[in-house]
>>> print(open('work-v6.txt').read())   # compact mmCIF, C-alpha atoms
# COMPACT_ATOMS: atom_id res chain seq x y z
CA MET A 138 15.96 39.75 172.99
CA LYS A 139 14.16 41.69 170.28
CA LYS A 140 16.33 44.64 171.17
CA HIS A 141 19.41 42.53 170.69
CA LEU A 142 18.16 41.22 167.38
CA LYS A 143 17.29 44.73 166.25
CA LEU A 144 20.77 45.94 167.23
CA ILE A 145 22.39 43.06 165.40
CA TYR A 146 20.27 43.84 162.31
CA VAL A 147 21.27 47.49 162.37
CA LEU A 148 24.96 46.69 162.79
CA SER A 149 24.80 44.16 159.99
CA THR A 150 23.17 46.68 157.68
CA ILE A 151 25.83 49.26 158.51
CA LEU A 152 28.63 46.77 157.77
CA ILE A 153 27.06 45.79 154.45
CA LEU A 154 26.71 49.45 153.40
CA ALA A 155 30.27 50.23 154.48
CA ASN A 156 31.59 47.26 152.54
CA CYS A 157 29.70 48.32 149.41
CA THR A 158 31.00 51.91 149.71
CA ALA A 159 34.61 50.66 150.05
CA LYS A 160 34.23 48.51 146.96
CA ASP A 161 32.75 51.44 145.06
CA ASN A 162 35.69 53.60 146.14
CA GLN A 163 38.16 50.94 144.98
CA VAL A 164 36.43 50.70 141.62
CA ASN A 165 36.44 54.51 141.19
CA THR A 166 40.08 54.75 142.21
CA SER A 167 41.00 52.00 139.78
CA LYS A 168 39.11 53.75 136.98
CA GLU A 169 40.83 57.04 137.79
CA LYS A 170 44.22 55.33 137.65
CA GLU A 171 43.35 53.73 134.33
CA VAL A 172 42.25 57.09 132.95
CA ALA A 173 45.45 58.67 134.27
CA VAL A 174 47.50 55.94 132.69
CA GLU A 175 45.66 56.39 129.44
CA LYS A 176 46.23 60.12 129.60
CA THR A 177 49.91 59.57 130.27
CA GLU A 178 50.28 57.08 127.49
CA THR A 179 48.21 58.95 124.92
CA PRO A 180 48.64 62.72 125.42
CA GLU A 181 46.52 65.16 123.50
CA LYS A 182 47.69 65.69 119.96
CA LYS A 183 48.92 69.20 119.16
CA ASP A 184 49.60 70.88 115.77
CA ILE A 185 53.41 70.84 115.77
CA LYS A 186 54.89 71.90 112.40
CA GLN A 187 58.15 70.12 111.85
CA LYS A 188 60.78 71.81 109.65
CA PRO A 189 61.13 69.97 106.40
CA LYS A 190 64.52 68.54 105.72
CA PRO A 191 66.47 70.61 103.17
CA PRO A 192 66.73 68.88 99.84
CA GLU A 193 70.05 67.27 99.17
CA LYS A 194 72.34 69.35 96.96
CA SER A 195 73.01 68.03 93.54
CA ALA A 196 76.51 67.38 92.31
CA TRP A 197 76.12 70.42 90.03
CA GLN A 198 75.19 72.69 92.99
CA ILE A 199 78.11 71.45 95.07
CA ALA A 200 80.51 72.00 92.19
CA ARG A 201 79.08 75.47 91.57
CA GLU A 202 79.45 76.55 95.22
CA LYS A 203 83.00 75.22 95.28
CA ARG A 204 83.82 77.07 92.06
CA ASN A 205 82.33 80.37 93.31
CA LYS A 206 84.18 80.17 96.63
CA LYS A 207 87.43 79.48 94.82
CA ALA A 208 86.84 82.47 92.54
CA LYS A 209 85.93 84.78 95.44
CA ASP A 210 88.98 83.77 97.52
CA TYR A 211 91.33 84.35 94.59
CA GLU A 212 89.82 87.74 93.70
CA GLU A 213 90.09 88.88 97.33
CA LYS A 214 93.77 87.93 97.29
CA LEU A 215 94.33 89.97 94.11
CA GLU A 216 92.40 92.94 95.53
CA LYS A 217 94.80 93.09 98.48
CA LEU A 218 97.75 93.27 96.08
CA GLU A 219 96.03 96.02 94.09
CA ASP A 220 95.37 97.94 97.31
CA GLU A 221 99.12 98.00 97.97
CA LEU A 222 99.77 99.38 94.48
CA ASP A 223 97.03 101.95 94.94
CA LYS A 224 98.57 103.08 98.25
CA LYS A 225 101.84 103.66 96.41
CA ARG A 226 99.98 105.79 93.88
CA GLU A 227 98.34 107.81 96.68
CA PHE A 228 101.78 108.41 98.20
CA ILE A 229 103.09 109.80 94.89
CA LYS A 230 100.01 111.97 94.30
CA LYS A 231 100.54 113.53 97.73
CA GLN A 232 103.92 114.75 96.44
CA VAL A 233 102.47 116.46 93.34
CA PRO A 234 101.64 120.20 93.77
CA LEU A 235 98.17 121.27 92.61
CA TYR A 236 96.36 124.61 92.16
CA THR A 237 95.83 126.26 95.54
CA LEU A 238 94.36 129.31 97.29
CA LYS A 239 96.23 132.50 98.20
CA LYS A 240 95.48 132.04 101.89
CA GLU A 241 97.05 128.58 101.74
CA LEU A 242 100.20 129.94 100.09
CA ASP A 243 100.36 132.67 102.73
CA ALA A 244 100.26 129.86 105.30
CA GLY A 245 103.33 128.31 103.63
CA LYS A 246 101.64 125.36 101.99
CA CYS A 247 99.89 124.27 98.78
CA ARG A 248 97.40 121.62 97.82
CA ALA A 249 98.63 118.24 96.60
CA ASN A 250 97.03 116.23 93.82
CA PHE A 251 95.19 114.00 96.32
CA TYR A 252 91.76 114.52 97.83
CA ASP A 253 90.76 112.56 100.94
CA TYR A 254 87.06 111.83 100.48
CA ASP A 255 86.72 110.44 104.00
CA ASN A 256 87.98 113.65 105.62
CA LYS A 257 86.74 115.85 102.75
CA SER A 258 90.01 117.69 102.39
CA PHE A 259 93.11 117.94 100.19
CA ALA A 260 96.52 116.71 101.21
CA TYR A 261 99.03 119.58 101.55
CA ILE A 262 102.71 120.12 100.80
CA THR A 263 104.71 122.61 102.87
CA PHE A 264 107.29 125.02 101.47
CA THR A 265 110.81 125.30 102.85
CA GLU A 266 111.06 128.76 101.22
CA LEU A 267 108.39 131.00 99.72
CA LYS A 268 108.46 134.51 98.22
CA GLU A 269 105.66 136.64 96.75
CA ASN A 270 106.07 139.07 93.86
CA LYS A 271 102.80 140.70 92.74
CA ASP A 272 100.69 137.90 91.24
CA THR A 273 103.44 135.25 91.48
CA TYR A 274 104.83 133.04 94.26
CA TYR A 275 108.28 131.41 94.07
CA GLY A 276 109.07 128.60 96.50
CA LYS A 277 111.06 125.49 97.32
CA GLN A 278 109.79 122.12 98.49
CA LYS A 279 111.35 118.85 99.60
CA LEU A 280 109.49 115.85 98.22
CA THR A 281 109.98 112.13 98.85
CA THR A 282 110.05 109.42 96.19
CA PRO A 283 108.40 105.99 96.76
CA LYS A 284 111.85 104.54 97.44
CA GLY A 285 112.46 107.16 100.16
CA LYS A 286 114.81 109.49 98.28
CA ILE A 287 114.33 113.15 99.34
CA LEU A 288 114.60 115.67 96.49
CA GLU A 289 114.39 119.47 96.42
CA TYR A 290 112.27 121.28 93.83
CA GLY A 291 111.69 124.87 92.81
CA ILE A 292 108.06 125.74 92.06
CA THR A 293 106.27 128.79 90.63
CA TYR A 294 102.60 129.69 91.19
CA LYS A 295 100.72 132.32 89.21
CA ALA A 296 97.34 133.92 89.95
CA GLY A 297 94.30 133.01 87.85
CA ILE A 298 93.50 135.40 85.02
CA LYS A 299 89.75 135.59 85.68
CA LYS A 300 88.32 137.87 88.33
CA GLU A 301 86.49 135.05 90.09
CA GLU A 302 89.78 133.12 90.17
CA GLU A 303 92.01 135.90 91.49
CA ASN A 304 92.44 134.17 94.85
CA THR A 305 93.36 130.87 93.16
CA TYR A 306 96.96 130.25 92.09
CA TYR A 307 98.08 127.70 89.50
CA VAL A 308 101.38 125.86 89.00
CA SER A 309 103.25 127.37 86.06
CA ASN A 310 106.45 125.31 86.31
CA ILE A 311 108.39 122.92 88.55
CA ASP A 312 112.13 122.14 88.31
CA LEU A 313 114.29 119.61 90.10
CA ILE A 314 117.08 121.34 92.07
CA THR A 315 118.80 118.22 93.46
CA GLN A 316 121.53 116.89 91.16
CA ILE A 317 121.01 113.38 89.79
CA ASP A 318 123.89 111.27 88.45
CA ILE A 319 123.43 110.26 84.81
CA ILE A 320 125.05 107.11 83.44
CA LYS A 321 125.23 107.46 79.68
CA THR A 322 123.90 104.72 77.45
CA GLU A 323 126.04 102.72 75.07
CA ASN A 324 125.20 103.28 71.40
CA GLU A 325 124.78 99.52 70.88
CA ILE A 326 121.91 99.42 73.40
CA ILE A 327 120.26 102.46 71.83
CA GLU A 328 120.29 100.73 68.46
CA LYS A 329 119.06 97.36 69.75
CA GLN A 330 116.66 98.45 72.56
CA VAL A 331 115.06 94.99 73.03
CA HIS A 332 116.65 91.68 74.13
CA GLY A 333 115.74 88.61 72.13
CA GLU A 334 113.00 87.98 69.60
CA ILE A 335 109.61 89.51 70.26
CA CYS A 336 106.10 89.52 68.79
CA ASN A 337 102.52 90.12 69.90
CA LEU A 338 99.24 88.27 69.41
CA LYS A 339 98.56 89.99 66.11
CA ASN A 340 101.88 88.84 64.61
CA ASP A 341 102.09 85.35 66.14
CA LYS A 342 101.21 82.57 63.68
CA ASP A 343 100.15 80.33 66.59
CA SER A 344 98.01 82.98 68.28
CA GLU A 345 94.66 81.12 68.16
CA GLU A 346 96.10 77.95 69.68
CA ILE A 347 98.11 79.88 72.29
CA LYS A 348 95.09 82.02 73.24
CA LYS A 349 93.03 78.89 73.82
CA ILE A 350 95.72 77.40 76.07
CA PHE A 351 95.84 80.50 78.28
CA GLU A 352 92.07 80.96 78.43
CA GLU A 353 91.34 77.34 79.35
CA TYR A 354 94.10 77.36 81.97
CA GLU A 355 92.99 80.61 83.62
CA ASN A 356 89.26 79.86 83.61
CA GLU A 357 89.80 76.40 85.01
CA LYS A 358 92.38 77.21 87.67
CA TYR A 359 91.39 80.78 88.59
CA PRO A 360 87.76 81.32 87.49
CA TYR A 361 86.33 84.82 87.46
CA THR A 362 83.73 85.80 90.09
CA ASP A 363 81.01 86.27 87.48
CA GLU A 364 80.28 82.61 86.79
CA TRP A 365 78.39 83.32 83.58
CA ASN A 366 81.30 85.11 81.87
CA LYS A 367 84.76 83.90 80.95
CA LEU A 368 88.20 85.46 80.99
CA ALA A 369 89.50 86.04 77.48
CA VAL A 370 92.89 87.10 76.15
CA LEU A 371 92.93 90.70 74.96
CA ASP A 372 96.53 90.69 73.80
CA TYR A 373 99.89 89.17 74.64
CA VAL A 374 103.58 89.78 74.00
CA LYS A 375 105.90 86.84 73.41
CA GLY A 376 109.45 87.73 74.44
CA ASN A 377 112.16 87.41 77.07
CA PHE A 378 111.22 88.86 80.46
CA THR A 379 112.72 86.47 83.06
CA ASN A 380 115.63 84.85 81.16
CA SER A 381 114.06 81.40 81.76
CA GLY A 382 115.26 79.99 78.44
CA TYR A 383 111.69 79.02 77.49
CA ASP A 384 108.93 80.83 75.65
CA GLU A 385 107.58 83.66 77.79
CA TYR A 386 104.24 85.42 77.34
CA PHE A 387 103.06 88.69 78.91
CA VAL A 388 99.28 88.12 78.79
CA MET A 389 96.37 90.51 79.39
CA PHE A 390 92.91 89.13 80.23
CA TYR A 391 89.54 90.84 80.06
CA GLU A 392 85.99 89.71 80.86
CA ASN A 393 84.23 88.23 77.83
CA ASP A 394 80.46 88.60 78.19
CA GLY A 395 79.73 87.44 74.67
CA ARG A 396 79.76 90.81 72.95
CA ASP A 397 82.33 92.08 70.50
CA PHE A 398 85.19 93.95 72.15
CA ILE A 399 84.34 97.61 72.70
CA GLN A 400 86.03 100.52 74.41
CA GLY A 401 85.27 100.19 78.09
CA PHE A 402 86.18 96.53 78.66
CA ASN A 403 88.54 96.40 81.63
CA ILE A 404 91.80 94.52 81.82
CA LEU A 405 91.15 92.26 84.80
CA ARG A 406 94.40 90.32 85.09
CA ILE A 407 97.93 90.34 83.73
CA LYS A 408 100.18 87.30 83.92
CA CYS A 409 103.46 86.05 82.56
CA PHE A 410 103.41 82.41 81.49
CA ILE A 411 106.55 80.33 81.01
CA VAL A 412 105.77 77.82 78.25
CA SER A 413 107.53 74.80 76.73
CA ASN A 414 106.06 72.79 73.84
CA LYS A 415 102.79 74.66 74.37
CA LYS A 416 102.55 73.52 78.01
CA ILE A 417 102.53 76.02 80.87
CA LEU A 418 105.48 75.35 83.19
CA LYS A 419 105.12 78.36 85.47
CA GLU A 420 103.06 81.50 85.93
CA TYR A 421 103.66 84.90 87.51
CA TYR A 422 100.87 87.23 88.53
CA ILE A 423 101.59 90.85 87.56
CA ASN A 424 100.04 93.50 89.77
CA SER A 425 98.23 96.35 88.06
CA LEU A 426 95.18 98.54 88.57
CA GLY A 427 93.51 97.20 85.44
CA GLY A 428 91.86 99.99 83.52
CA ILE A 429 90.30 100.30 80.09
CA GLY A 430 91.83 98.01 77.52
CA PHE A 431 92.84 99.44 74.16
CA HIS A 432 91.94 97.41 71.11
CA PRO A 433 94.84 95.31 69.77
CA ASP A 434 94.25 96.78 66.31
CA PRO A 435 95.57 100.38 66.44
CA ASN A 436 93.48 101.27 63.38
CA ILE A 437 90.25 100.74 65.31
CA ASN A 438 89.19 103.76 67.34
CA TYR A 439 86.14 103.32 69.57
CA LEU A 440 83.88 106.22 70.54
CA ASP A 441 86.37 108.70 69.03
CA TYR A 442 88.59 108.37 72.11
CA SER A 443 91.60 109.13 69.93
CA ARG A 444 93.73 110.29 72.88
CA ASN A 445 93.00 107.07 74.74
CA ILE A 446 94.68 104.92 72.12
CA VAL A 447 98.39 104.32 72.70
CA HIS A 448 99.98 106.20 69.83
CA LYS A 449 102.96 105.09 67.81
CA LEU A 450 106.28 106.12 69.27
CA LYS A 451 109.64 105.91 67.53
CA ASP A 452 112.77 104.61 69.24
CA PHE A 453 111.07 103.03 72.25
CA GLY A 454 111.53 99.35 71.60
CA PHE A 455 108.61 97.08 70.69
CA GLN A 456 105.10 98.52 70.79
CA PHE A 457 101.93 96.54 71.51
CA SER A 458 98.32 97.53 72.17
CA GLN A 459 98.81 98.60 75.81
CA GLY A 460 102.36 99.95 75.79
CA TRP A 461 105.98 99.18 74.98
CA VAL A 462 108.69 96.58 75.70
CA ASN A 463 112.38 97.52 75.88
CA ASP A 464 115.42 97.77 78.14
CA PHE A 465 115.25 101.52 78.62
CA ASN A 466 116.81 101.42 82.09
CA GLN A 467 119.63 99.30 80.62
CA ASN A 468 119.96 96.65 83.28
CA GLY A 469 120.14 93.78 80.79
CA ARG A 470 116.48 92.74 81.02
CA ASN A 471 113.36 93.77 79.12
CA GLU A 472 110.79 95.79 81.04
CA ILE A 473 107.21 96.66 80.10
CA TYR A 474 105.90 100.24 80.00
CA PHE A 475 102.20 99.72 80.51
CA ALA A 476 99.63 102.45 79.80
CA SER A 477 96.48 102.28 81.90
CA GLN A 478 93.36 104.42 81.56
CA LEU A 479 91.89 104.00 85.05
CA ASN A 480 88.15 104.21 85.57
CA PHE A 481 87.10 107.57 87.07
CA ASP A 482 90.68 108.61 87.76
CA ASP A 483 93.84 109.91 86.14
CA PRO A 484 95.60 107.67 83.60
CA VAL A 485 98.91 106.17 84.69
CA LEU A 486 102.09 104.81 83.11
CA PHE A 487 103.61 101.76 84.82
CA ILE A 488 107.04 100.21 84.56
CA ILE A 489 106.85 96.43 85.10
CA GLU A 490 110.03 94.39 85.49
CA PHE A 491 111.16 90.99 86.80
CA ASP A 492 113.52 91.04 89.81
CA ASP A 493 114.66 87.37 89.86
CA LYS A 494 111.69 86.30 92.03
CA GLU A 495 108.61 88.15 90.84
CA PHE A 496 107.41 91.00 88.66
CA ILE A 497 107.51 94.40 90.34
CA THR A 498 105.16 97.17 89.25
CA ASN A 499 106.13 100.82 89.79
CA TYR A 500 104.99 104.15 88.39
CA VAL A 501 106.54 106.40 85.80
CA SER A 502 103.62 108.84 85.93
CA THR A 503 100.44 108.90 88.04
CA TYR A 504 98.50 111.26 85.74
CA SER A 505 99.49 110.61 82.11
CA TYR A 506 100.60 107.76 79.85
CA GLU A 507 100.92 109.81 76.65
CA ILE A 508 104.64 109.60 75.93
CA ASN A 509 105.72 112.47 73.71
CA SER A 510 109.41 111.61 73.41
CA VAL A 511 112.23 109.62 75.01
CA ASP A 512 115.96 110.23 75.38
CA TRP A 513 118.02 107.06 75.72
CA LYS A 514 121.22 108.91 76.60
CA THR A 515 119.74 110.76 79.56
CA LYS A 516 117.12 108.04 80.28
CA THR A 517 114.28 110.52 80.34
CA ILE A 518 110.65 110.07 79.32
CA GLU A 519 108.59 113.13 78.39
CA THR A 520 104.79 112.98 78.59
CA LYS A 521 102.43 115.48 77.04
CA HIS A 522 98.71 115.97 77.62
CA GLN A 523 96.09 118.68 77.49
CA ASN A 524 96.04 121.30 80.23
CA LYS A 525 92.37 121.53 81.18
CA LEU A 526 93.06 124.48 83.48
CA ASN A 527 94.46 126.73 80.75
CA LYS A 528 91.23 128.75 80.59
CA TYR A 529 92.04 129.97 84.10
CA THR A 530 95.75 130.63 83.54
CA ASN A 531 96.51 131.13 79.84
CA ILE A 532 100.00 129.69 80.44
CA GLY A 533 99.67 126.88 77.88
CA ASN A 534 97.12 124.42 76.58
CA PHE A 535 99.51 121.45 76.89
CA GLN A 536 101.33 120.17 79.96
CA ILE A 537 104.83 118.70 79.59
CA ASP A 538 106.32 116.45 82.32
CA VAL A 539 109.78 114.89 82.32
CA PHE A 540 110.71 111.73 84.28
CA ARG A 541 114.28 110.46 84.62
CA TRP A 542 115.49 106.96 85.52
CA ASN A 543 117.74 107.00 88.59
CA GLU A 544 120.17 104.05 88.93
CA ASN A 545 120.85 104.74 92.61
CA SER A 546 117.27 104.23 93.77
CA ASN A 547 116.04 102.16 90.78
CA GLU A 548 113.02 104.32 90.05
CA PHE A 549 111.79 107.07 87.79
CA ILE A 550 112.12 110.52 89.34
CA PHE A 551 109.98 113.49 88.42
CA GLU A 552 112.31 116.11 86.96
CA LYS A 553 110.36 118.93 85.32
CA LYS A 554 106.92 120.39 84.59
CA GLU A 555 106.16 123.17 82.13
CA TYR A 556 103.35 124.36 79.85
CA ILE A 557 103.38 125.15 76.16
CA MET A 558 100.87 126.79 73.82
CA GLU A 559 100.00 124.94 70.62
CA GLU A 560 97.28 125.26 68.01
>>> encode(input="work-v6.txt", output="structure tokens")
Amino acid sequence: MKKHLKLIYVLSTILILANCTAKDNQVNTSKEKEVAVEKTETPEKKDIKQKPKPPEKSAWQIAREKRNKKAKDYEEKLEKLEDELDKKREFIKKQVPLYTLKKELDAGKCRANFYDYDNKSFAYITFTELKENKDTYYGKQKLTTPKGKILEYGITYKAGIKKEEENTYYVSNIDLITQIDIIKTENEIIEKQVHGEICNLKNDKDSEEIKKIFEEYENEKYPYTDEWNKLAVLDYVKGNFTNSGYDEYFVMFYENDGRDFIQGFNILRIKCFIVSNKKILKEYYINSLGGIGFHPDPNINYLDYSRNIVHKLKDFGFQFSQGWVNDFNQNGRNEIYFASQLNFDDPVLFIIEFDDKEFITNYVSTYSYEINSVDWKTKTIETKHQNKLNKYTNIGNFQIDVFRWNENSNEFIFEKKEYIMEE
């Protein structure tokens, strides 16, 4: 009996201990779950740096960005047009013979007045005929005009006079061989020269008011990329260029940075505005390569650049600060002969004329704008400038070039080059 009671006591004790252990396990499990839940619900905090929100742009900033984008887009459009005009100039320069080496002449070619900086070499022109006589070469070349007309020229090269230059040959003269038809000019046109009334900024009684109209219009509609500076009118010519029946202005703009005008300010844009009652009805952009602007007052000479100022020329229509207006090609419409002193390059002389849709810019000369004389009957323009290579040749200290208007191809054709000696 005692054994049975002892057994029952032992079993009872075991059951009680087991029951207590189970409860303890339940409590521990419950606590672990609670801790897990707590950990899930409240994870450890970490140092996470959140990017601050950008401040909202002010109305002034938004307007400024819009203005700068508009200016940039417009300037890029104009640059593409200028690139096309510059390519035309490169084409012409590749047709202009330059000093060359004897070995190049012996190979039947000569250097052209164009250097390719990417390939580090000159462009070359080939001869169709070439003969040597002591220190002189005589040859013929076929050259192409921008309008595609092929012309034949005779050219003479002479050896340099200095010992170190004996293998270098210089152009002494060029003459057009191909015959060009000449349509003679009526005496009435020679006497009149310009169609309609004409004046420039200096002579216009309304110049201050008109200048303000153009400057406000251009700066508002086509602002310049430098937001701190404004476009200002350098000069304008009021005349008849498109036969619109309204007032027409050929306007040149430069960048006004607040200083007085000095030699070196570039002409940034040229436009023709059609105006009625001092309101702009229409505008035409005129393509050009810009260049240094000459002061509207011909009596002012900056930095003693006397040869950079467009000089007075008789019998060539109306003269303004940057060139001349007339109907020299005699097609019944005024054209503009625009002198441009390009930065770090040869000066050029443009002919700018309206063609019923837009203004077309072409070249008279790609290396000089200094007109020495004109001949209305033969429609020739003669330029004259210093020959910087005379110390190597002694053929003449001034270079003379003649350009003739050709009705068939509607362009100026290079006709003659020679050198003269003057004191």
>>> closest_atom_pairs(input="work-v6.txt", of="range 182-299 of chain A", to="range 489-503 of chain A", cutoff="10 Å", atoms="all atoms listed in the file", output="tab-separated table")
residue	atom	partner	partner_atom	distance
A:Leu222	CA	A:Thr498	CA	7.8
A:Lys225	CA	A:Asn499	CA	8.4
A:Arg226	CA	A:Thr503	CA	6.6
A:Glu227	CA	A:Thr503	CA	9.0
A:Ile229	CA	A:Thr503	CA	7.4
A:Lys230	CA	A:Thr503	CA	7.0
A:Val233	CA	A:Thr503	CA	9.5
A:Asn250	CA	A:Thr503	CA	9.9
A:Pro283	CA	A:Asn499	CA	9.0
>>> residues_around(input="work-v6.txt", residues="range 313-328 of chain A", least_positions_apart="3", cutoff="6 Å", atoms="all atoms listed in the file", output="MDAnalysis selection string")
chainID A and resid 288:290 514 552
>>> residues_around(input="work-v6.txt", residues="Glu560 in chain A", least_positions_apart="5", cutoff="12 Å", atoms="only C-alpha atoms", output="PDB file with C-alpha atoms, in the coordinates of the input")
ATOM      1  CA  GLN A 523      96.090 118.680  77.490  1.00  0.00           C
ATOM      2  CA  GLY A 533      99.670 126.880  77.880  1.00  0.00           C
ATOM      3  CA  ASN A 534      97.120 124.420  76.580  1.00  0.00           C
ATOM      4  CA  PHE A 535      99.510 121.450  76.890  1.00  0.00           C
TER       5      PHE A 535
END
>>> residues_around(input="work-v6.txt", residues="Glu355 in chain A", least_positions_apart="3", cutoff="12 Å", atoms="all atoms listed in the file", output="list in words")
Ala208, Tyr211, Lys348, Lys349, Ile350, Phe351, Glu352, Lys358, Tyr359, Pro360, Tyr361, Lys367, Leu368, Ala369, Val370, Val388, Met389, Phe390, Tyr391, Glu392, Leu405, Arg406, Ile407, Lys408, Cys409, Phe410, Ile417, Glu420 and Tyr422 of chain A
>>> atom_distance(input="work-v6.txt", atom1="CA of Cys336 in chain A", atom2="CA of Glu507 in chain A")
22.4 Å
>>> atom_distance(input="work-v6.txt", atom1="CA of Tyr306 in chain A", atom2="CA of Tyr236 in chain A")
5.7 Å
>>> residues_around(input="work-v6.txt", residues="Leu238 in chain A", least_positions_apart="6", cutoff="10 Å", atoms="all atoms listed in the file", output="list of chain:residue names")
A:Ala244, A:Lys246, A:Cys247, A:Arg248, A:Ala296, A:Glu302, A:Glu303, A:Asn304, A:Thr305, A:Tyr306, A:Tyr307
>>> closest_residue(input="work-v6.txt", among="A:Asp384, A:Asp255, A:Glu364, A:Glu544", to="Glu202 in chain A", atoms="all atoms listed in the file")
A:Glu364
>>> closest_residue(input="work-v6.txt", among="A:Glu519, A:Asp512, A:Asp363, A:Glu472", to="Arg201 in chain A", atoms="all atoms listed in the file")
A:Asp363
>>> atom_distance(input="work-v6.txt", atom1="CA of Asn377 in chain A", atom2="CA of Leu218 in chain A")
24.6 Å
>>> residues_near_point(input="work-v6.txt", point="(99.7, 100.7, 81.5)", cutoff="12 Å", atoms="only C-alpha atoms", output="number ranges by chain")
A: 389, 403-404, 407, 423-431, 445-447, 457-462, 473-479, 483-489, 498-508
>>> residues_around(input="work-v6.txt", residues="Val539 in chain A", least_positions_apart="3", cutoff="7 Å", atoms="all atoms listed in the file", output="PyMOL selection string")
chain A and resi 517-520+551-554
>>> closest_residue(input="work-v6.txt", among="A:Val374, A:Asp394, A:Lys286, A:Glu357", to="Asn545 in chain A", atoms="all atoms listed in the file")
A:Lys286
>>> closest_residue(input="work-v6.txt", among="A:Phe387, A:Phe228, A:Trp197, A:Phe540", to="Lys284 in chain A", atoms="only C-alpha atoms")
A:Phe228
>>> residues_near_point(input="work-v6.txt", point="(110.6, 116.8, 99.4)", cutoff="9 Å", atoms="only C-alpha atoms", output="number ranges by chain")
A: 232, 262-263, 277-282, 286-290
